[in-house]
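Q: My file is data-v4.cif. It has mmCIF, C-alpha atoms:
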data_input
#
loop_
_atom_site.group_PDB
_atom_site.id
_atom_site.type_symbol
_atom_site.label_atom_id
_atom_site.label_comp_id
_atom_site.auth_asym_id
_atom_site.auth_seq_id
_atom_site.Cartn_x
_atom_site.Cartn_y
_atom_site.Cartn_z
ATOM 1 C CA ASP A 1 -4.243 -9.261 2.846
ATOM 2 C CA GLN A 2 -7.719 -7.732 2.724
ATOM 3 C CA GLN A 3 -7.418 -3.973 3.185
ATOM 4 C CA VAL A 4 -11.184 -3.444 3.233
ATOM 5 C CA LYS A 5 -13.293 -5.830 5.287
ATOM 6 C CA GLN A 6 -16.977 -6.363 5.744
ATOM 7 C CA ASN A 7 -17.141 -8.834 8.593
ATOM 8 C CA SER A 8 -20.849 -9.600 8.330
ATOM 9 C CA PRO A 9 -21.541 -11.712 5.249
ATOM 10 C CA SER A 10 -25.289 -11.338 5.756
ATOM 11 C CA LEU A 11 -27.862 -9.288 7.607
ATOM 12 C CA SER A 12 -31.641 -9.612 7.961
ATOM 13 C CA VAL A 13 -33.796 -6.645 8.950
ATOM 14 C CA GLN A 14 -37.537 -6.135 9.279
ATOM 15 C CA GLU A 15 -39.140 -3.736 6.811
ATOM 16 C CA GLY A 16 -39.341 -0.210 8.229
ATOM 17 C CA ARG A 17 -36.454 -0.735 10.632
ATOM 18 C CA ILE A 18 -32.897 0.545 10.335
ATOM 19 C CA SER A 19 -30.247 -1.448 8.453
ATOM 20 C CA ILE A 20 -26.664 -0.862 9.519
ATOM 21 C CA LEU A 21 -23.890 -2.218 7.355
ATOM 22 C CA ASN A 22 -20.314 -1.999 8.564
ATOM 23 C CA CYS A 23 -16.941 -1.772 6.885
ATOM 24 C CA ASP A 24 -13.411 -1.655 8.321
ATOM 25 C CA TYR A 25 -10.214 -0.706 6.567
ATOM 26 C CA THR A 26 -6.562 -0.959 7.426
ATOM 27 C CA ASN A 27 -4.850 1.532 5.121
ATOM 28 C CA SER A 28 -4.683 5.028 6.650
ATOM 29 C CA MET A 29 -3.946 6.451 3.184
ATOM 30 C CA PHE A 30 -7.531 5.812 2.053
ATOM 31 C CA ASP A 31 -9.295 9.150 1.760
ATOM 32 C CA TYR A 32 -12.458 8.429 -0.204
ATOM 33 C CA PHE A 33 -15.063 5.795 0.509
ATOM 34 C CA LEU A 34 -18.068 4.562 -1.435
ATOM 35 C CA TRP A 35 -20.966 2.181 -1.017
ATOM 36 C CA TYR A 36 -22.374 0.144 -3.877
ATOM 37 C CA LYS A 37 -25.453 -2.043 -4.089
ATOM 38 C CA LYS A 38 -25.559 -5.124 -6.285
ATOM 39 C CA TYR A 39 -28.572 -7.107 -7.406
ATOM 40 C CA PRO A 40 -28.126 -10.590 -8.899
ATOM 41 C CA ALA A 41 -27.128 -10.567 -12.577
ATOM 42 C CA GLU A 42 -26.460 -6.813 -12.484
ATOM 43 C CA GLY A 43 -23.364 -4.732 -11.994
ATOM 44 C CA PRO A 44 -22.778 -2.751 -8.787
ATOM 45 C CA THR A 45 -24.717 0.514 -8.533
ATOM 46 C CA PHE A 46 -23.198 3.509 -6.775
ATOM 47 C CA LEU A 47 -25.157 4.557 -3.670
ATOM 48 C CA ILE A 48 -23.283 7.138 -1.660
ATOM 49 C CA SER A 49 -19.750 8.302 -0.956
ATOM 50 C CA ILE A 50 -17.814 10.186 1.689
ATOM 51 C CA SER A 51 -14.521 12.012 1.714
ATOM 52 C CA SER A 52 -12.156 11.685 4.644
ATOM 53 C CA ILE A 53 -12.640 15.377 5.464
ATOM 54 C CA LYS A 54 -16.200 14.586 6.521
ATOM 55 C CA ASP A 55 -17.638 12.242 9.110
ATOM 56 C CA LYS A 56 -21.171 12.001 7.757
ATOM 57 C CA ASN A 57 -22.953 12.206 4.421
ATOM 58 C CA GLU A 58 -26.675 11.848 3.842
ATOM 59 C CA ASP A 59 -28.714 11.125 0.740
ATOM 60 C CA GLY A 60 -32.366 10.416 1.339
ATOM 61 C CA ARG A 61 -32.733 7.175 3.266
ATOM 62 C CA PHE A 62 -28.990 6.485 3.093
ATOM 63 C CA THR A 63 -26.398 7.896 5.489
ATOM 64 C CA VAL A 64 -22.731 7.006 5.599
ATOM 65 C CA PHE A 65 -20.693 7.587 8.746
ATOM 66 C CA LEU A 66 -16.907 7.652 8.813
ATOM 67 C CA ASN A 67 -14.800 7.183 11.942
ATOM 68 C CA LYS A 68 -11.238 7.800 10.821
ATOM 69 C CA SER A 69 -9.617 7.041 14.151
ATOM 70 C CA ALA A 70 -11.272 3.625 14.202
ATOM 71 C CA LYS A 71 -10.835 3.133 10.434
ATOM 72 C CA HIS A 72 -14.492 2.257 10.271
ATOM 73 C CA LEU A 73 -17.421 3.315 8.151
ATOM 74 C CA SER A 74 -21.046 2.342 8.231
ATOM 75 C CA LEU A 75 -24.063 2.669 5.983
ATOM 76 C CA HIS A 76 -27.443 3.319 7.584
ATOM 77 C CA ILE A 77 -30.626 2.713 5.639
ATOM 78 C CA VAL A 78 -33.766 4.142 7.236
ATOM 79 C CA PRO A 79 -36.452 2.973 6.787
ATOM 80 C CA SER A 80 -35.450 -0.306 5.177
ATOM 81 C CA GLN A 81 -37.585 -1.500 2.259
ATOM 82 C CA PRO A 82 -37.856 -4.935 0.623
ATOM 83 C CA GLY A 83 -36.314 -3.450 -2.549
ATOM 84 C CA ASP A 84 -33.160 -2.751 -0.555
ATOM 85 C CA SER A 85 -32.449 -6.488 -0.427
ATOM 86 C CA ALA A 86 -29.146 -6.845 -2.265
ATOM 87 C CA VAL A 87 -25.420 -7.285 -1.692
ATOM 88 C CA TYR A 88 -23.727 -4.133 -0.437
ATOM 89 C CA PHE A 89 -20.047 -3.455 -1.091
ATOM 90 C CA CYS A 90 -17.959 -0.754 0.505
ATOM 91 C CA ALA A 91 -14.958 0.503 -1.433
ATOM 92 C CA ALA A 92 -12.004 2.693 -0.530
ATOM 93 C CA SER A 93 -9.547 4.732 -2.534
ATOM 94 C CA GLY A 94 -6.251 6.362 -1.649
ATOM 95 C CA LEU A 95 -4.735 6.651 -5.092
ATOM 96 C CA PRO A 96 -6.244 7.968 -8.320
ATOM 97 C CA TYR A 97 -8.330 5.360 -10.117
ATOM 98 C CA LYS A 98 -7.646 2.584 -7.589
ATOM 99 C CA TYR A 99 -10.615 1.334 -5.617
ATOM 100 C CA ILE A 100 -10.383 -1.554 -3.178
ATOM 101 C CA PHE A 101 -13.648 -3.356 -2.532
ATOM 102 C CA GLY A 102 -14.818 -5.171 0.573
ATOM 103 C CA THR A 103 -16.188 -8.699 0.419
ATOM 104 C CA GLY A 104 -19.810 -7.586 0.573
ATOM 105 C CA THR A 105 -22.762 -7.985 2.949
ATOM 106 C CA ARG A 106 -25.981 -9.582 1.780
ATOM 107 C CA LEU A 107 -28.922 -7.601 3.158
ATOM 108 C CA LYS A 108 -32.353 -9.160 3.326
ATOM 109 C CA VAL A 109 -35.258 -6.909 4.251
ATOM 110 C CA LEU A 110 -38.199 -8.930 5.472
ATOM 111 C CA ALA A 111 -41.713 -7.752 4.669
ATOM 112 C CA ASP B 1 -31.118 0.372 -17.173
ATOM 113 C CA THR B 2 -27.356 0.480 -17.016
ATOM 114 C CA GLU B 3 -25.525 3.257 -18.856
ATOM 115 C CA VAL B 4 -22.488 1.067 -19.329
ATOM 116 C CA THR B 5 -23.217 -1.710 -21.806
ATOM 117 C CA GLN B 6 -21.218 -4.920 -21.864
ATOM 118 C CA THR B 7 -21.377 -7.619 -24.518
ATOM 119 C CA PRO B 8 -21.711 -10.512 -24.558
ATOM 120 C CA LYS B 9 -23.539 -11.254 -21.300
ATOM 121 C CA HIS B 10 -22.264 -14.825 -21.298
ATOM 122 C CA LEU B 11 -19.269 -16.396 -23.010
ATOM 123 C CA VAL B 12 -18.049 -19.974 -23.035
ATOM 124 C CA MET B 13 -14.700 -20.605 -24.670
ATOM 125 C CA GLY B 14 -12.028 -23.225 -24.902
ATOM 126 C CA MET B 15 -8.492 -22.657 -23.710
ATOM 127 C CA THR B 16 -7.193 -22.243 -27.252
ATOM 128 C CA ASN B 17 -9.830 -19.783 -28.424
ATOM 129 C CA LYS B 18 -9.477 -16.055 -28.982
ATOM 130 C CA LYS B 19 -12.412 -13.887 -28.025
ATOM 131 C CA SER B 20 -13.089 -10.284 -27.013
ATOM 132 C CA LEU B 21 -15.266 -8.613 -24.418
ATOM 133 C CA LYS B 22 -16.731 -5.255 -25.289
ATOM 134 C CA CYS B 23 -17.760 -2.312 -23.131
ATOM 135 C CA GLU B 24 -19.434 0.899 -24.243
ATOM 136 C CA GLN B 25 -20.484 4.079 -22.481
ATOM 137 C CA HIS B 26 -21.909 7.331 -23.819
ATOM 138 C CA MET B 27 -21.777 9.437 -20.680
ATOM 139 C CA GLY B 28 -18.658 11.322 -21.753
ATOM 140 C CA HIS B 29 -16.614 9.579 -19.080
ATOM 141 C CA ARG B 30 -12.864 9.677 -19.638
ATOM 142 C CA ALA B 31 -11.777 6.874 -17.313
ATOM 143 C CA MET B 32 -12.687 3.235 -17.967
ATOM 144 C CA TYR B 33 -11.930 0.147 -15.925
ATOM 145 C CA TRP B 34 -11.892 -3.647 -16.139
ATOM 146 C CA TYR B 35 -12.554 -5.693 -13.018
ATOM 147 C CA LYS B 36 -12.634 -9.427 -12.424
ATOM 148 C CA GLN B 37 -14.996 -10.884 -9.847
ATOM 149 C CA LYS B 38 -14.996 -14.472 -8.628
ATOM 150 C CA ALA B 39 -17.949 -15.942 -6.756
ATOM 151 C CA LYS B 40 -18.399 -14.542 -3.221
ATOM 152 C CA LYS B 41 -15.378 -12.275 -3.685
ATOM 153 C CA PRO B 42 -15.090 -8.523 -4.227
ATOM 154 C CA PRO B 43 -14.370 -7.064 -7.665
ATOM 155 C CA GLU B 44 -10.620 -6.899 -8.316
ATOM 156 C CA LEU B 45 -9.159 -4.163 -10.484
ATOM 157 C CA MET B 46 -7.389 -5.340 -13.637
ATOM 158 C CA PHE B 47 -6.846 -2.305 -15.879
ATOM 159 C CA VAL B 48 -7.586 1.405 -15.969
ATOM 160 C CA TYR B 49 -7.654 3.650 -19.024
ATOM 161 C CA SER B 50 -7.606 7.377 -18.583
ATOM 162 C CA TYR B 51 -8.162 9.579 -21.640
ATOM 163 C CA GLU B 52 -7.696 6.480 -23.810
ATOM 164 C CA LYS B 53 -4.279 5.719 -22.342
ATOM 165 C CA LEU B 54 -3.500 2.710 -20.162
ATOM 166 C CA SER B 55 -2.892 4.099 -16.667
ATOM 167 C CA ILE B 56 -2.938 1.004 -14.514
ATOM 168 C CA ASN B 57 -2.195 -2.655 -15.176
ATOM 169 C CA GLU B 58 -2.508 -4.621 -11.960
ATOM 170 C CA SER B 59 0.068 -7.221 -13.041
ATOM 171 C CA VAL B 60 -2.523 -8.993 -15.152
ATOM 172 C CA PRO B 61 -1.238 -11.964 -17.227
ATOM 173 C CA SER B 62 -0.598 -11.158 -20.871
ATOM 174 C CA ARG B 63 -3.342 -13.553 -21.983
ATOM 175 C CA PHE B 64 -5.620 -10.591 -21.143
ATOM 176 C CA SER B 65 -5.052 -7.668 -23.504
ATOM 177 C CA PRO B 66 -7.025 -4.445 -23.068
ATOM 178 C CA GLU B 67 -7.712 -1.926 -25.790
ATOM 179 C CA CYS B 68 -9.368 1.485 -25.765
ATOM 180 C CA PRO B 69 -10.121 2.451 -29.406
ATOM 181 C CA ASN B 70 -11.885 5.677 -28.394
ATOM 182 C CA SER B 71 -13.293 7.434 -25.358
ATOM 183 C CA SER B 72 -16.545 5.436 -25.479
ATOM 184 C CA LEU B 73 -15.231 1.947 -26.079
ATOM 185 C CA LEU B 74 -13.179 -0.496 -24.063
ATOM 186 C CA ASN B 75 -12.289 -4.001 -25.184
ATOM 187 C CA LEU B 76 -10.679 -6.920 -23.414
ATOM 188 C CA HIS B 77 -9.048 -9.414 -25.774
ATOM 189 C CA LEU B 78 -8.738 -12.945 -24.449
ATOM 190 C CA HIS B 79 -6.327 -15.615 -25.649
ATOM 191 C CA ALA B 80 -5.206 -18.950 -24.229
ATOM 192 C CA LEU B 81 -7.142 -18.524 -21.013
ATOM 193 C CA GLN B 82 -7.047 -21.004 -18.150
ATOM 194 C CA PRO B 83 -10.013 -22.554 -16.297
ATOM 195 C CA GLU B 84 -9.209 -20.363 -13.274
ATOM 196 C CA ASP B 85 -9.945 -17.319 -15.439
ATOM 197 C CA SER B 86 -13.631 -18.208 -15.325
ATOM 198 C CA ALA B 87 -15.298 -15.283 -13.580
ATOM 199 C CA LEU B 88 -17.564 -12.278 -14.002
ATOM 200 C CA TYR B 89 -15.776 -9.478 -15.871
ATOM 201 C CA LEU B 90 -17.064 -6.042 -15.038
ATOM 202 C CA CYS B 91 -16.470 -2.840 -16.939
ATOM 203 C CA ALA B 92 -16.862 0.536 -15.259
ATOM 204 C CA SER B 93 -16.425 4.178 -16.172
ATOM 205 C CA SER B 94 -16.080 7.446 -14.290
ATOM 206 C CA GLN B 95 -16.043 11.087 -15.311
ATOM 207 C CA ARG B 96 -12.314 11.130 -14.813
ATOM 208 C CA GLY B 97 -9.935 9.465 -12.464
ATOM 209 C CA GLY B 98 -9.405 10.256 -8.850
ATOM 210 C CA VAL B 99 -12.287 10.387 -6.439
ATOM 211 C CA GLN B 100 -15.218 9.812 -8.726
ATOM 212 C CA PRO B 101 -17.966 7.207 -8.363
ATOM 213 C CA GLN B 102 -17.800 4.506 -10.972
ATOM 214 C CA HIS B 103 -20.701 3.361 -13.107
ATOM 215 C CA PHE B 104 -20.639 -0.373 -13.729
ATOM 216 C CA GLY B 105 -21.993 -2.516 -16.505
ATOM 217 C CA ASP B 106 -23.789 -5.765 -15.769
ATOM 218 C CA GLY B 107 -20.738 -7.821 -16.613
ATOM 219 C CA THR B 108 -19.808 -10.706 -18.869
ATOM 220 C CA ARG B 109 -19.971 -14.147 -17.281
ATOM 221 C CA LEU B 110 -16.981 -16.018 -18.724
ATOM 222 C CA SER B 111 -16.546 -19.784 -18.547
ATOM 223 C CA ILE B 112 -13.368 -21.470 -19.737
ATOM 224 C CA LEU B 113 -13.692 -25.131 -20.674
#
Any chance you could put this one into structure tokens?
A:
Amino acid sequence: DQQVKQNSPSLSVQEGRISILNCDYTNSMFDYFLWYKKYPAEGPTFLISISSIKDKNEDGRFTVFLNKSAKHLSLHIVPSQPGDSAVYFCAASGLPYKYIFGTGTRLKVLA
Amino acid sequence: DTEVTQTPKHLVMGMTNKKSLKCEQHMGHRAMYWYKQKAKKPPELMFVYSYEKLSINESVPSRFSPECPNSSLLNLHLHALQPEDSALYLCASSQRGGVQPQHFGDGTRLSIL
């Protein structure tokens, strides 16, 4: 039973355009959400997070949106760059220390 | 450069061997984690140490034995593993538990023959 789902296994976007990565969750107890980026042969790197008391958080080119009623969050990358090509994982937490990861979306930014 | 260092990067072992994975961080983080990741799957939490004490064991088989000798080091002792244990083992740390981003190492790729 996958509590955190990323339904798009892959996404291709033209350089300079917006990348939108989506994540759905089922557990209403989750109150903290994170996005990680993973390059091949490296561990995941933290990108941005959002608490359930907010609906938007921005950090440079990265913005995370949270829709609690829909149990949905999204990561927007604007403008997309070739270096953004990686696998992106969303993660959710409702208990201390416990993070549940989604299955990942492979983003390819085309030059 | 990752601030969480894992050694070795690759490990091949037989089912009767005993080996250990090592993880080190010098960021002053007080929570450390072991995850297992199979191909095309998300990382799955195995263990959490908080202030050098085991806080979470996600019903991991006893052939995996974690150890936290001090606040900077985390080991995972392996014994009598099965072929299905072949995976990428990731270590992570965070400033403390709760809602803190985790910093991951690059992982140890483990193959069981």
Q: Return the single residue from A:Ala92, A:Ala111, A:Val78, A:Cys23 that is closest to chain B, with distances computed using all atoms listed in the file.
A: A:Ala92
Q: Take the PyMOL selection byres ((chain B) within 7 of (chain A)), apply it to the structure above, and return the hits as number ranges by chain.
A: B: 41-43, 97-99, 101-107
Q: Extract, using only C-alpha atoms, all DNA, RNA and protein residues at most 8 Å from Asp24 in chain A, discarding same-chain residues fewer than 5 positions from it, and format them as number ranges by chain.
A: A: 4-6, 71-73
Q: Convert the current residue selection to file output with C-alpha atoms, as a CSV table (one decimal), keeping the file's coordinate frame.
A:
chain,number,residue,atom,x,y,z
A,4,VAL,CA,-11.2,-3.4,3.2
A,5,LYS,CA,-13.3,-5.8,5.3
A,6,GLN,CA,-17.0,-6.4,5.7
A,71,LYS,CA,-10.8,3.1,10.4
A,72,HIS,CA,-14.5,2.3,10.3
A,73,LEU,CA,-17.4,3.3,8.2
Q: First collect every listed atom of range 12-25 of chain A; then fit an axis-aligned box around them, widen it by 4 Å on each side, and give centre and edge lengths in Å to one decimal, as AutoDock Vina command-line options.
A:
--center_x -24.8 --center_y -4.5 --center_z 8.6 --size_x 37.1 --size_y 18.2 --size_z 12.1
Q: Please evaluate the PyMOL selection byres ((chain B and resi 23) around 7) against the displayed coordinates and give the resulting residues as a list of chain:residue names.
A: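 Against this file, the PyMOL selection byres ((chain B and resi 23) around 7) returns the residues B:Val4, B:Thr5, B:Gln6, B:Thr7, B:Leu21, B:Lys22, B:Glu24, B:Gln25, B:Leu73, B:Leu74, B:Asn75, B:Cys91.
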Q: Considering only C-alpha atoms, can you say which of A:Ile77, A:Val87, A:Leu66, A:Leu110 comes closest to Ile18 in chain A?
A: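 Closest to Ile18 in chain A, using only C-alpha atoms: A:Ile77.
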Q: One number please: CA of Ala80 in chain B to CA of Arg63 in chain B, in Å, one decimal.
A: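 So the two atoms, CA of Ala80 in chain B and CA of Arg63 in chain B, lie 6.1 Å apart.
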Q: Would you mind reading off the distance between CA of Thr16 in chain B and CA of Leu81 in chain B, one decimal, in Å?
A: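 Straight-line distance from CA of Thr16 in chain B to CA of Leu81 in chain B works out to 7.3 Å.
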Q: In Å, how far is it from CA of Phe47 in chain B to CA of Arg106 in chain A?
A: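 That distance, rounded to one decimal, is 27.0 Å.
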Q: Please identify all polymer residues within 7 Å of Ser86 in chain B, counting all atoms listed in the file, omitting same-chain residues fewer than 4 positions from it, and present them as a PyMOL selection string.
A: chain B and resi 110-112
Q: Translate the PyMOL selection byres ((chain B and resi 70) around 12), as applied to the file shown, into an explicit residue set as a count of residues only.
A: 22
Q: Skipping near chain neighbours, those fewer than 3 positions away, what residues fall within 6 Å of Tyr35 in chain B using all atoms listed in the file, listed as an MDAnalysis selection string?
A: chainID B and resid 43:46 89:90
Q: Go ahead and save the picked residues with C-alpha atoms, as a tab-separated table (two decimals), in the frame of the given file.
A:
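Written out: result25.tsv:
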chain	number	residue	atom	x	y	z
B	43	PRO	CA	-14.37	-7.06	-7.66
B	44	GLU	CA	-10.62	-6.90	-8.32
B	45	LEU	CA	-9.16	-4.16	-10.48
B	46	MET	CA	-7.39	-5.34	-13.64
B	89	TYR	CA	-15.78	-9.48	-15.87
B	90	LEU	CA	-17.06	-6.04	-15.04
